[in-house]
$ cat target.cif   # mmCIF, C-alpha atoms and all ligand atoms
data_entry
loop_
_atom_site.label_atom_id
_atom_site.label_comp_id
_atom_site.auth_asym_id
_atom_site.auth_seq_id
_atom_site.Cartn_x
_atom_site.Cartn_y
_atom_site.Cartn_z
CA MET A 26 -12.58 -73.99 42.63
CA ASP A 27 -11.77 -76.96 40.48
CA TRP A 28 -12.20 -76.64 36.75
CA TRP A 29 -14.80 -79.40 36.68
CA ILE A 30 -17.08 -77.40 38.97
CA TRP A 31 -16.95 -74.56 36.48
CA ILE A 32 -17.88 -76.93 33.68
CA LEU A 33 -20.69 -78.38 35.72
CA ALA A 34 -22.01 -74.92 36.60
CA ALA A 35 -21.85 -73.85 32.94
CA ALA A 36 -23.65 -77.00 31.80
CA ALA A 37 -26.34 -76.54 34.46
CA SER A 38 -26.94 -72.91 33.47
CA TYR A 39 -27.09 -73.84 29.78
CA LEU A 40 -29.67 -76.48 30.58
CA LEU A 41 -31.67 -74.11 32.71
CA VAL A 42 -31.80 -71.47 29.98
CA ILE A 43 -32.73 -74.01 27.30
CA ILE A 44 -35.43 -75.57 29.46
CA SER A 45 -36.98 -72.23 30.29
CA LEU A 46 -36.91 -71.14 26.62
CA ASN A 47 -38.54 -74.40 25.58
CA TRP A 48 -41.13 -73.99 28.27
CA ARG A 49 -41.82 -70.30 27.56
CA TYR A 50 -42.02 -70.51 23.74
CA LEU A 51 -43.88 -73.63 22.78
CA GLU A 52 -44.18 -74.92 19.25
CA PRO A 53 -47.38 -76.94 19.21
CA HIS A 54 -48.08 -79.49 16.48
CA LEU A 55 -51.45 -81.21 16.21
CA ALA A 56 -52.20 -84.77 15.19
CA TRP A 57 -54.40 -83.63 12.29
CA GLU A 58 -55.54 -87.16 11.45
CA THR A 59 -57.38 -87.26 14.78
CA ILE A 60 -59.12 -83.92 14.29
CA ASP A 61 -62.44 -83.47 12.53
CA HIS A 62 -61.51 -80.17 10.98
CA LYS A 63 -64.73 -79.95 9.01
CA GLN A 64 -66.46 -79.00 12.26
CA LEU A 65 -66.37 -75.22 12.16
CA THR A 66 -68.28 -72.63 14.12
CA PHE A 67 -68.27 -68.98 13.14
CA PRO A 68 -70.48 -66.21 14.46
CA PRO A 69 -73.15 -65.02 12.00
CA GLU A 70 -71.54 -61.58 11.64
CA PHE A 71 -68.15 -63.09 10.63
CA ARG A 72 -67.08 -61.82 7.20
CA TRP A 73 -65.60 -63.95 4.42
CA GLY A 74 -63.40 -62.48 1.76
CA THR A 75 -60.41 -62.65 -0.53
CA ALA A 76 -57.45 -60.30 -0.96
CA THR A 77 -55.40 -58.97 -3.88
CA ALA A 78 -52.90 -56.16 -4.51
CA ALA A 79 -52.79 -53.69 -7.40
CA HIS A 80 -49.38 -54.44 -8.87
CA GLN A 81 -49.98 -58.18 -8.73
CA ILE A 82 -53.16 -58.12 -10.81
CA GLU A 83 -53.82 -54.81 -12.58
CA GLY A 84 -51.23 -54.97 -15.35
CA ASN A 85 -49.05 -52.30 -16.99
CA ASN A 86 -48.14 -50.46 -13.83
CA GLU A 87 -45.18 -48.10 -13.91
CA ASN A 88 -43.76 -47.93 -10.42
CA ASN A 89 -40.78 -48.80 -8.22
CA TRP A 90 -41.46 -52.49 -8.87
CA SER A 91 -41.64 -52.27 -12.66
CA SER A 92 -38.28 -50.41 -12.65
CA PHE A 93 -36.82 -53.09 -10.37
CA GLU A 94 -38.09 -55.86 -12.68
CA GLU A 95 -36.34 -54.18 -15.60
CA ARG A 96 -33.17 -53.34 -13.72
CA ASN A 97 -32.70 -56.77 -12.17
CA GLY A 98 -33.79 -58.81 -15.16
CA ILE A 99 -36.40 -60.67 -13.11
CA GLU A 100 -39.71 -61.76 -14.59
CA ARG A 101 -41.82 -58.75 -15.60
CA SER A 102 -45.26 -58.24 -14.16
CA GLY A 103 -46.37 -56.93 -17.59
CA GLU A 104 -50.06 -57.41 -18.25
CA ALA A 105 -50.51 -59.39 -15.02
CA CYS A 106 -54.18 -60.45 -14.83
CA GLU A 107 -55.29 -57.45 -16.90
CA HIS A 108 -57.49 -56.64 -13.96
CA TRP A 109 -57.46 -52.92 -14.79
CA LYS A 110 -59.51 -53.84 -17.89
CA ARG A 111 -61.31 -56.83 -16.47
CA TRP A 112 -62.17 -55.74 -12.96
CA HIS A 113 -65.88 -55.91 -13.61
CA GLN A 114 -65.70 -59.60 -14.57
CA ASP A 115 -63.36 -60.28 -11.67
CA PHE A 116 -65.90 -58.86 -9.26
CA GLU A 117 -68.36 -61.36 -10.70
CA LEU A 118 -65.97 -64.05 -9.47
CA LEU A 119 -66.20 -62.57 -5.98
CA GLU A 120 -69.94 -62.85 -6.20
CA GLU A 121 -69.69 -66.40 -7.47
CA LEU A 122 -67.56 -67.29 -4.45
CA GLY A 123 -70.14 -65.68 -2.20
CA VAL A 124 -67.72 -63.46 -0.26
CA ASP A 125 -69.01 -60.48 1.66
CA CYS A 126 -65.75 -58.52 1.83
CA TYR A 127 -62.82 -57.90 -0.47
CA ARG A 128 -59.40 -56.42 0.28
CA PHE A 129 -57.56 -54.69 -2.56
CA SER A 130 -54.95 -52.00 -2.92
CA ILE A 131 -54.72 -48.63 -4.62
CA GLU A 132 -51.85 -48.04 -7.00
CA TRP A 133 -50.42 -44.67 -6.03
CA SER A 134 -48.43 -44.48 -9.30
CA ARG A 135 -51.69 -44.52 -11.27
CA LEU A 136 -53.13 -41.66 -9.27
CA GLU A 137 -50.03 -39.48 -9.17
CA PRO A 138 -47.82 -40.63 -12.08
CA GLU A 139 -45.77 -37.44 -11.86
CA ARG A 140 -45.16 -35.57 -8.66
CA GLY A 141 -48.13 -33.24 -8.12
CA THR A 142 -49.98 -34.37 -11.28
CA TRP A 143 -53.14 -36.29 -10.52
CA ASP A 144 -54.92 -38.60 -12.92
CA GLU A 145 -58.60 -38.03 -12.22
CA SER A 146 -59.66 -40.85 -14.53
CA ALA A 147 -57.73 -43.43 -12.48
CA LEU A 148 -59.31 -42.01 -9.35
CA SER A 149 -62.77 -42.43 -10.82
CA ILE A 150 -62.08 -46.04 -11.83
CA TYR A 151 -61.24 -46.89 -8.20
CA SER A 152 -64.39 -45.07 -7.20
CA GLU A 153 -66.44 -47.11 -9.70
CA MET A 154 -64.88 -50.29 -8.32
CA VAL A 155 -66.01 -49.34 -4.84
CA ASN A 156 -69.55 -48.60 -6.04
CA ASP A 157 -69.68 -51.87 -7.90
CA LEU A 158 -68.54 -53.87 -4.86
CA ILE A 159 -71.06 -52.20 -2.60
CA HIS A 160 -73.77 -52.79 -5.17
CA ARG A 161 -72.91 -56.50 -5.03
CA GLY A 162 -73.15 -56.47 -1.23
CA ILE A 163 -69.37 -56.78 -0.82
CA ARG A 164 -67.65 -54.62 1.78
CA PRO A 165 -64.42 -53.11 0.39
CA MET A 166 -61.24 -52.92 2.47
CA ILE A 167 -58.59 -50.70 0.89
CA THR A 168 -54.83 -50.98 1.33
CA LEU A 169 -53.03 -47.70 0.64
CA HIS A 170 -49.53 -49.12 0.18
CA HIS A 171 -48.93 -52.69 -0.94
CA PHE A 172 -45.19 -52.62 -1.77
CA THR A 173 -45.51 -50.19 -4.70
CA HIS A 174 -45.26 -46.45 -5.18
CA PRO A 175 -44.47 -44.02 -8.02
CA LYS A 176 -41.05 -43.98 -9.62
CA TRP A 177 -40.58 -40.30 -8.73
CA PHE A 178 -41.14 -41.11 -5.06
CA GLU A 179 -38.55 -43.90 -5.25
CA GLU A 180 -36.10 -41.57 -6.97
CA LEU A 181 -36.50 -39.10 -4.12
CA GLY A 182 -35.43 -41.88 -1.75
CA GLY A 183 -38.87 -43.33 -0.95
CA PHE A 184 -39.44 -44.32 2.63
CA ALA A 185 -35.74 -44.21 3.41
CA LYS A 186 -36.04 -40.42 3.73
CA ARG A 187 -38.17 -38.97 6.43
CA GLU A 188 -38.72 -35.75 4.54
CA ASN A 189 -40.62 -37.72 1.85
CA LEU A 190 -43.41 -38.74 4.19
CA GLY A 191 -45.40 -35.61 3.34
CA TYR A 192 -45.94 -36.87 -0.23
CA TRP A 193 -47.26 -40.14 1.09
CA VAL A 194 -49.66 -38.49 3.53
CA ASN A 195 -50.86 -36.21 0.78
CA TYR A 196 -51.64 -39.14 -1.54
CA CYS A 197 -53.49 -40.99 1.23
CA GLU A 198 -55.60 -37.96 2.08
CA ARG A 199 -56.49 -37.44 -1.54
CA ILE A 200 -57.86 -40.93 -2.14
CA PHE A 201 -59.42 -41.08 1.31
CA ASP A 202 -61.40 -37.92 0.68
CA VAL A 203 -62.89 -39.47 -2.45
CA LEU A 204 -63.71 -42.92 -1.09
CA SER A 205 -64.21 -42.72 2.65
CA ASP A 206 -67.91 -41.90 2.39
CA ARG A 207 -68.30 -45.49 1.14
CA VAL A 208 -65.21 -47.38 2.32
CA LYS A 209 -65.19 -48.07 6.04
CA ASP A 210 -62.13 -50.32 6.37
CA TRP A 211 -58.63 -49.09 5.53
CA CYS A 212 -55.18 -50.63 5.81
CA THR A 213 -52.44 -48.05 5.67
CA ILE A 214 -49.45 -50.23 4.82
CA ASN A 215 -49.15 -53.87 3.85
CA GLU A 216 -46.40 -55.76 5.64
CA PRO A 217 -44.00 -52.95 6.47
CA GLU A 218 -41.51 -55.52 7.83
CA VAL A 219 -41.47 -57.40 4.50
CA PHE A 220 -41.05 -54.13 2.61
CA SER A 221 -38.13 -52.98 4.76
CA ILE A 222 -36.32 -56.29 5.24
CA MET A 223 -36.79 -57.67 1.70
CA GLY A 224 -35.95 -54.32 0.12
CA TYR A 225 -33.14 -53.10 2.36
CA THR A 226 -31.54 -56.21 3.94
CA MET A 227 -32.17 -59.11 1.57
CA GLY A 228 -32.10 -57.03 -1.61
CA MET A 229 -34.89 -59.10 -3.17
CA PHE A 230 -37.43 -56.28 -3.39
CA PRO A 231 -36.83 -52.75 -4.65
CA PRO A 232 -34.66 -50.85 -4.14
CA GLY A 233 -32.52 -54.02 -3.76
CA LYS A 234 -30.26 -52.75 -0.97
CA ARG A 235 -28.37 -54.75 1.62
CA SER A 236 -27.82 -52.49 4.57
CA ILE A 237 -28.91 -53.03 8.16
CA ARG A 238 -28.57 -49.33 8.89
CA LYS A 239 -30.94 -48.42 6.07
CA THR A 240 -33.34 -51.21 7.05
CA LEU A 241 -33.67 -49.77 10.54
CA ARG A 242 -34.23 -46.30 9.14
CA VAL A 243 -36.95 -47.56 6.78
CA MET A 244 -38.58 -49.50 9.61
CA HIS A 245 -38.82 -46.34 11.71
CA ASN A 246 -40.05 -44.28 8.78
CA MET A 247 -42.64 -46.86 7.76
CA MET A 248 -43.99 -46.89 11.30
CA SER A 249 -44.14 -43.09 11.28
CA ALA A 250 -45.75 -43.18 7.83
CA HIS A 251 -48.50 -45.38 9.23
CA ALA A 252 -48.97 -43.29 12.36
CA LEU A 253 -49.12 -39.98 10.47
CA VAL A 254 -51.71 -41.30 8.06
CA TYR A 255 -53.73 -42.84 10.84
CA ARG A 256 -53.96 -39.51 12.69
CA SER A 257 -54.67 -37.50 9.58
CA LEU A 258 -57.39 -39.77 8.19
CA LYS A 259 -59.08 -40.21 11.55
CA SER A 260 -59.27 -36.46 11.94
CA ARG A 261 -61.00 -36.22 8.54
CA ARG A 262 -63.57 -38.94 9.25
CA SER A 263 -63.54 -40.52 12.65
CA GLU A 264 -66.05 -43.33 12.09
CA VAL A 265 -63.89 -45.28 9.60
CA ARG A 266 -61.72 -48.14 10.83
CA ILE A 267 -58.03 -47.90 10.09
CA GLY A 268 -55.44 -50.60 10.65
CA ILE A 269 -52.21 -51.96 9.30
CA ALA A 270 -51.67 -55.36 7.62
CA LYS A 271 -48.99 -57.08 9.64
CA ASN A 272 -47.30 -60.22 8.45
CA ILE A 273 -46.62 -62.44 11.41
CA THR A 274 -43.96 -64.99 10.59
CA LEU A 275 -43.04 -67.17 13.54
CA PHE A 276 -39.40 -67.96 14.15
CA ASP A 277 -38.68 -71.24 15.88
CA PRO A 278 -35.22 -72.67 16.58
CA LEU A 279 -34.29 -75.43 14.16
CA ARG A 280 -32.84 -77.45 17.08
CA ARG A 281 -34.67 -76.76 20.27
CA TRP A 282 -31.64 -77.65 22.43
CA ASN A 283 -29.25 -75.30 20.63
CA LEU A 284 -28.85 -71.91 22.25
CA LEU A 285 -27.53 -70.30 19.07
CA HIS A 286 -30.64 -71.40 17.21
CA TRP A 287 -32.75 -69.90 19.97
CA LEU A 288 -30.82 -66.69 19.86
CA THR A 289 -31.38 -66.31 16.12
CA ALA A 290 -35.07 -67.10 16.55
CA ARG A 291 -35.58 -64.50 19.27
CA VAL A 292 -33.67 -61.75 17.46
CA LEU A 293 -35.52 -62.34 14.18
CA ASN A 294 -38.81 -62.52 16.01
CA HIS A 295 -38.15 -59.16 17.58
CA LEU A 296 -37.17 -57.45 14.33
CA TRP A 297 -40.00 -58.96 12.32
CA ASN A 298 -42.83 -58.98 14.88
CA GLY A 299 -42.04 -57.65 18.34
CA ALA A 300 -40.64 -54.27 17.35
CA TRP A 301 -43.79 -53.36 15.37
CA ILE A 302 -46.16 -54.55 18.05
CA ALA A 303 -44.18 -52.59 20.65
CA ALA A 304 -44.33 -49.48 18.47
CA ILE A 305 -48.11 -49.58 18.35
CA ARG A 306 -48.43 -50.61 21.96
CA ARG A 307 -45.94 -48.20 23.52
CA GLY A 308 -44.95 -45.69 20.83
CA ARG A 309 -41.32 -46.88 20.77
CA MET A 310 -39.53 -48.97 18.18
CA LEU A 311 -36.04 -50.38 18.71
CA GLY A 312 -35.20 -47.75 21.27
CA ARG A 313 -36.64 -44.83 19.28
CA ARG A 314 -39.80 -42.89 20.00
CA ILE A 315 -42.23 -42.93 17.09
CA GLU A 316 -44.51 -39.99 17.37
CA HIS A 317 -48.26 -40.74 17.20
CA ALA A 318 -47.64 -44.49 16.86
CA LYS A 319 -49.02 -45.46 20.25
CA GLY A 320 -52.57 -46.75 19.83
CA SER A 321 -52.64 -45.91 16.11
CA ILE A 322 -54.95 -48.72 15.01
CA ASP A 323 -58.66 -49.55 15.18
CA PHE A 324 -57.98 -53.13 14.10
CA ILE A 325 -54.95 -55.24 13.38
CA GLY A 326 -54.75 -56.94 10.00
CA LEU A 327 -53.00 -60.29 10.28
CA ASN A 328 -51.27 -61.91 7.31
CA TYR A 329 -50.20 -65.40 8.29
CA TYR A 330 -48.32 -67.97 6.19
CA THR A 331 -45.72 -69.98 8.08
CA HIS A 332 -43.01 -70.40 10.66
CA VAL A 333 -39.31 -70.29 9.86
CA LEU A 334 -36.90 -72.72 11.55
CA THR A 335 -33.83 -70.72 12.39
CA SER A 336 -30.14 -71.28 12.91
CA PRO A 337 -27.20 -68.89 12.49
CA PHE A 338 -26.50 -70.53 9.11
CA MET A 339 -29.82 -69.93 7.44
CA PRO A 340 -30.09 -69.30 3.70
CA ARG A 341 -29.72 -65.57 2.96
CA THR A 342 -32.36 -65.74 0.26
CA ILE A 343 -35.82 -67.23 0.52
CA GLU A 344 -35.45 -68.93 -2.86
CA VAL A 345 -33.50 -71.71 -1.21
CA GLY A 346 -35.94 -74.08 0.48
CA LEU A 347 -36.18 -73.43 4.20
CA PRO A 348 -36.00 -76.38 6.60
CA LYS A 349 -39.18 -78.03 7.83
CA ARG A 350 -40.14 -80.44 10.61
CA GLU A 351 -40.29 -84.06 9.49
CA HIS A 352 -44.08 -84.34 9.50
CA GLU A 353 -44.71 -80.95 7.90
CA VAL A 354 -45.79 -80.53 4.28
CA MET A 355 -43.57 -78.26 2.17
CA THR A 356 -45.39 -75.66 0.07
CA GLU A 357 -44.26 -74.59 -3.39
CA PHE A 358 -42.92 -71.35 -1.92
CA GLY A 359 -40.33 -73.41 -0.05
CA TYR A 360 -41.71 -72.90 3.43
CA PRO A 361 -43.77 -75.42 5.43
CA MET A 362 -47.50 -75.48 6.00
CA TYR A 363 -47.96 -74.87 9.73
CA ALA A 364 -51.60 -74.07 10.49
CA GLU A 365 -51.03 -74.38 14.25
CA GLY A 366 -48.96 -71.22 13.99
CA LEU A 367 -52.02 -69.19 13.06
CA ARG A 368 -53.18 -69.53 16.67
CA ARG A 369 -49.80 -68.31 17.94
CA ALA A 370 -49.90 -65.39 15.50
CA ILE A 371 -53.40 -64.48 16.71
CA GLU A 372 -52.19 -64.56 20.31
CA MET A 373 -49.28 -62.35 19.43
CA VAL A 374 -51.40 -59.61 17.83
CA ALA A 375 -54.14 -59.99 20.45
CA PHE A 376 -51.69 -58.23 22.74
CA LEU A 377 -52.68 -55.02 20.90
CA GLN A 378 -56.21 -55.33 22.30
CA VAL A 379 -58.08 -54.37 19.14
CA PRO A 380 -60.25 -56.51 16.85
CA ILE A 381 -58.33 -58.81 14.48
CA GLU A 382 -59.02 -59.08 10.76
CA ILE A 383 -57.26 -61.92 8.94
CA THR A 384 -56.12 -59.87 5.95
CA GLU A 385 -54.19 -62.70 4.23
CA ASN A 386 -53.71 -66.44 4.41
CA GLY A 387 -53.18 -68.88 1.57
CA VAL A 388 -50.73 -71.12 -0.21
CA ALA A 389 -48.83 -71.41 -3.50
CA ASP A 390 -50.09 -74.64 -5.01
CA GLU A 391 -50.36 -74.91 -8.77
CA ASP A 392 -52.09 -78.31 -8.87
CA ASP A 393 -54.32 -77.59 -5.91
CA ASP A 394 -53.02 -80.66 -4.06
CA ILE A 395 -52.67 -79.13 -0.63
CA ARG A 396 -54.85 -76.00 -0.78
CA PRO A 397 -58.06 -77.81 0.28
CA GLU A 398 -56.32 -79.16 3.40
CA HIS A 399 -54.58 -75.83 3.94
CA ILE A 400 -57.89 -73.98 3.97
CA ARG A 401 -59.57 -76.50 6.24
CA ARG A 402 -56.77 -76.58 8.81
CA HIS A 403 -56.41 -72.81 9.01
CA LEU A 404 -60.16 -72.27 9.27
CA TRP A 405 -60.41 -74.88 11.99
CA ILE A 406 -57.69 -73.10 13.98
CA LEU A 407 -59.51 -69.83 13.40
CA SER A 408 -62.85 -71.20 14.48
CA GLN A 409 -61.26 -72.57 17.68
CA ALA A 410 -59.62 -69.24 18.42
CA ILE A 411 -62.96 -67.45 18.04
CA SER A 412 -64.69 -70.00 20.29
CA ASP A 413 -61.96 -69.38 22.86
CA GLY A 414 -62.87 -65.70 22.91
CA HIS A 415 -60.55 -64.00 20.40
CA ASP A 416 -62.20 -61.06 18.67
CA ILE A 417 -61.63 -61.99 15.01
CA ARG A 418 -63.96 -60.35 12.53
CA SER A 419 -63.01 -61.61 9.06
CA TYR A 420 -60.90 -63.96 6.94
CA HIS A 421 -59.51 -62.86 3.57
CA HIS A 422 -58.03 -65.68 1.53
CA TRP A 423 -54.89 -64.86 -0.44
CA SER A 424 -55.73 -64.79 -3.23
CA LEU A 425 -58.80 -64.45 -5.41
CA MET A 426 -56.82 -65.56 -8.47
CA ASP A 427 -53.26 -66.46 -9.49
CA ASN A 428 -51.12 -63.37 -9.85
CA PHE A 429 -47.65 -61.84 -10.01
CA GLU A 430 -45.81 -63.12 -6.94
CA TRP A 431 -43.14 -60.40 -6.67
CA ALA A 432 -39.57 -61.74 -6.76
CA GLU A 433 -40.93 -65.21 -7.62
CA GLY A 434 -42.86 -63.99 -10.66
CA TYR A 435 -45.70 -66.03 -12.12
CA LYS A 436 -44.52 -69.50 -11.19
CA LEU A 437 -46.16 -69.40 -7.78
CA ARG A 438 -49.93 -69.68 -7.98
CA PHE A 439 -51.94 -68.59 -4.97
CA GLY A 440 -55.41 -68.33 -6.56
CA LEU A 441 -58.76 -69.81 -5.70
CA TYR A 442 -59.16 -69.22 -9.43
CA HIS A 443 -56.54 -70.52 -11.83
CA VAL A 444 -55.48 -67.91 -14.40
CA ASP A 445 -54.38 -68.88 -17.89
CA TYR A 446 -52.09 -65.93 -18.64
CA LYS A 447 -52.32 -66.49 -22.41
CA THR A 448 -56.08 -66.24 -22.64
CA GLN A 449 -56.74 -64.53 -19.29
CA LYS A 450 -59.33 -67.19 -18.58
CA ARG A 451 -60.11 -67.69 -14.90
CA THR A 452 -61.17 -71.15 -13.71
CA LEU A 453 -62.41 -71.98 -10.24
CA ARG A 454 -60.19 -74.58 -8.57
CA ASP A 455 -61.57 -77.36 -6.38
CA SER A 456 -60.25 -75.52 -3.34
CA GLY A 457 -62.24 -72.49 -4.54
CA ARG A 458 -65.33 -74.66 -4.56
CA ILE A 459 -64.55 -75.83 -1.01
CA PHE A 460 -64.13 -72.23 0.15
CA GLN A 461 -67.39 -71.32 -1.59
CA GLU A 462 -69.18 -74.12 0.24
CA ILE A 463 -67.71 -73.14 3.61
CA ILE A 464 -68.90 -69.59 3.06
CA ARG A 465 -72.36 -70.84 2.11
CA ASN A 466 -72.58 -73.00 5.25
CA HIS A 467 -71.33 -70.34 7.62
C1 LIG A 501 -46.90 -60.68 0.79
C2 LIG A 501 -48.04 -59.95 0.23
C3 LIG A 501 -48.74 -60.63 -0.89
C4 LIG A 501 -48.15 -61.94 -1.33
C5 LIG A 501 -48.67 -63.09 -0.52
C6 LIG A 501 -48.16 -64.44 -0.97
O1 LIG A 501 -47.03 -61.32 1.80
O2 LIG A 501 -45.83 -60.65 0.21
O3 LIG A 501 -48.89 -59.33 1.08
O4 LIG A 501 -48.61 -59.64 -1.85
O5 LIG A 501 -48.45 -62.17 -2.66
O6 LIG A 501 -48.32 -62.92 0.80
O7 LIG A 501 -46.80 -64.55 -0.74
#
$ encode --input "target.cif" --output "structure tokens" --more "lines below"
Ligand code: GCO
Amino acid sequence: MDWWIWILAAAASYLLVIISLNWRYLEPHLAWETIDHKQLTFPPEFRWGTATAAHQIEGNNENNWSSFEERNGIERSGEACEHWKRWHQDFELLEELGVDCYRFSIEWSRLEPERGTWDESALSIYSEMVNDLIHRGIRPMITLHHFTHPKWFEELGGFAKRENLGYWVNYCERIFDVLSDRVKDWCTINEPEVFSIMGYTMGMFPPGKRSIRKTLRVMHNMMSAHALVYRSLKSRRSEVRIGIAKNITLFDPLRRWNLLHWLTARVLNHLWNGAWIAAIRRGRMLGRRIEHAKGSIDFIGLNYYTHVLTSPFMPRTIEVGLPKREHEVMTEFGYPMYAEGLRRAIEMVAFLQVPIEITENGVADEDDDIRPEHIRRHLWILSQAISDGHDIRSYHHWSLMDNFEWAEGYKLRFGLYHVDYKTQKRTLRDSGRIFQEIIRNH
């Protein structure tokens, strides 16, 4: 055959592949100016809430993160929002907002500061928090692991060593036995993909490693850690609901006609999203069987923020601004606002066939310029998804108040309440008022 036939055949196949990828994985964008996104419908039983995490608000925690802050010379979490002292007042803010649920996390390093030594007073403070929330008519949802754990656990190798999982299960059982008579909703692990990839591939979270081999090991172990705890806690009290908080980041090719961009998008999507969904759906992750993982959730927690436009030459750190589509608004985190993606994320987790709880959604926006629009767009997408039959039970806005944003420190402000870190004064932002009004009307 002539060489030009080969070229023609290659070009035709390239086109065919690109067309089918474009057709199979759409990237919808709405003309927001034509949409009346104040029109929202939510069922009466829909729950409204906010979310926080222990290390980001409590203050003075001694854990894997505080060691990492010291070691890497990044901004210290320090006193954070002094929530450990001020939790009572902070719960008044929840009441002021009018929420009926609240997601927060337990700091394992407070409960078990030394291996096998339990601090009963910390345990009773968490128990008082739960009582106080219930007293205010707010349904607590507890996260057992939100990126932090005791230093001793980290020194033993943390989740990179399978033999350490027993310590984790033990801690979960301990707190569960104290609180599960009152707490009905539990998240085992927050964003296991963020924990493994940021900590073991990107090196931006503790322990600051850069190893694909270790990342895969931690991914498997995290999935097992979830599954083991799910089975154990369900056998102790079957009527509680246990899920996992999964961050769904969408990966779209930067150039939709470039096969390399597509390839990067599909691989990242599988590592970040697909592999975890497959583990829960089929009990296998990246070719490995994960015992007890199949069907190990009563609900799926969905944390949704953005989509990432991929190419093989993407920045290796998320501190460099990621690309955005021309019409998209860039957030202060350096990723675009893409509310349409929430619908795609919902469809992705709906594959698990369990109820969906939106466990996080929000934006870093110090001056509150885009948060009002951000809230409205995402809630409109949510309300449409519910009207179209998706079983979504709640929405937790990230976050109640500004807090310690991990590797980015205090410069990123995600709160419905502004926090003045010098005086610890909390002030409701305009977007907070909008959220309050939406809750009141729905
Ligand atoms: C995460 C966490 C939160 C973040 C929030 C804003 O996604 O990293 O669950 O702790 O603060 O998502 O980035």
$ residues_near_ligand --input "target.cif" --ligand "ligand LIG 501 (chain A)" --cutoff "8 Å" --atoms "all atoms listed in the file" --output "list in words"
Thr77, Ala78, Gln81, His171, Phe172, Asn215, Glu216, Val219, Asn272, Asn328, Tyr330, Phe358, Glu385, Asn386, Gly387, Val388, Ala389, Trp423, Ser424, Asn428, Phe429, Glu430, Trp431 and Phe439 of chain A
$ residues_near_point --input "target.cif" --point "(-52.3, -60.0, 9.9)" --cutoff "9 Å" --atoms "only C-alpha atoms" --output "PDB file with C-alpha atoms, keeping the file's coordinate frame"
ATOM      1  CA  GLU A 216     -46.400 -55.760   5.640  1.00  0.00           C
ATOM      2  CA  ILE A 269     -52.210 -51.960   9.300  1.00  0.00           C
ATOM      3  CA  ALA A 270     -51.670 -55.360   7.620  1.00  0.00           C
ATOM      4  CA  LYS A 271     -48.990 -57.080   9.640  1.00  0.00           C
ATOM      5  CA  ASN A 272     -47.300 -60.220   8.450  1.00  0.00           C
ATOM      6  CA  ILE A 273     -46.620 -62.440  11.410  1.00  0.00           C
ATOM      7  CA  ILE A 325     -54.950 -55.240  13.380  1.00  0.00           C
ATOM      8  CA  GLY A 326     -54.750 -56.940  10.000  1.00  0.00           C
ATOM      9  CA  LEU A 327     -53.000 -60.290  10.280  1.00  0.00           C
ATOM     10  CA  ASN A 328     -51.270 -61.910   7.310  1.00  0.00           C
ATOM     11  CA  TYR A 329     -50.200 -65.400   8.290  1.00  0.00           C
ATOM     12  CA  ALA A 370     -49.900 -65.390  15.500  1.00  0.00           C
ATOM     13  CA  ILE A 371     -53.400 -64.480  16.710  1.00  0.00           C
ATOM     14  CA  VAL A 374     -51.400 -59.610  17.830  1.00  0.00           C
ATOM     15  CA  ILE A 381     -58.330 -58.810  14.480  1.00  0.00           C
ATOM     16  CA  GLU A 382     -59.020 -59.080  10.760  1.00  0.00           C
ATOM     17  CA  ILE A 383     -57.260 -61.920   8.940  1.00  0.00           C
ATOM     18  CA  THR A 384     -56.120 -59.870   5.950  1.00  0.00           C
ATOM     19  CA  GLU A 385     -54.190 -62.700   4.230  1.00  0.00           C
ATOM     20  CA  ASN A 386     -53.710 -66.440   4.410  1.00  0.00           C
TER      21      ASN A 386
END
$ residues_around --input "target.cif" --residues "range 261-268 of chain A" --least-positions-apart "4" --cutoff "12 Å" --atoms "only C-alpha atoms" --output "JSON, numbers by chain"
{"A": [165, 166, 167, 168, 169, 197, 198, 199, 201, 202, 203, 204, 205, 206, 207, 208, 209, 210, 211, 212, 213, 214, 215, 216, 251, 252, 253, 254, 255, 256, 257, 305, 318, 320, 321, 322, 323, 324, 325, 326, 327, 377, 379, 380, 381, 382, 383, 384]}
$ residues_around --input "target.cif" --residues "range 451-465 of chain A" --least-positions-apart "2" --cutoff "7 Å" --atoms "all atoms listed in the file" --output "JSON, numbers by chain"
{"A": [73, 122, 123, 393, 396, 397, 441, 442, 443, 444, 445, 449, 467]}
$ atom_distance --input "target.cif" --atom1 "CA of Ala375 in chain A" --atom2 "CA of Arg307 in chain A"
14.7 Å
$ closest_residue --input "target.cif" --among "A:Lys176, A:His399, A:His80, A:Arg164" --to "Glu353 in chain A" --atoms "all atoms listed in the file"
A:His399
$ closest_residue --input "target.cif" --among "A:Leu181, A:Ala36, A:Ile131, A:Met310" --to "Met154 in chain A" --atoms "only C-alpha atoms"
A:Ile131
$ atom_distance --input "target.cif" --atom1 "CA of Thr142 in chain A" --atom2 "CA of His108 in chain A"
23.7 Å
$ atom_distance --input "target.cif" --atom1 "CA of Trp31 in chain A" --atom2 "CA of Phe338 in chain A"
29.3 Å
$ closest_residue --input "target.cif" --among "A:Ser152, A:Asn86, A:Thr335, A:Thr356" --to "Arg135 in chain A" --atoms "all atoms listed in the file"
A:Asn86
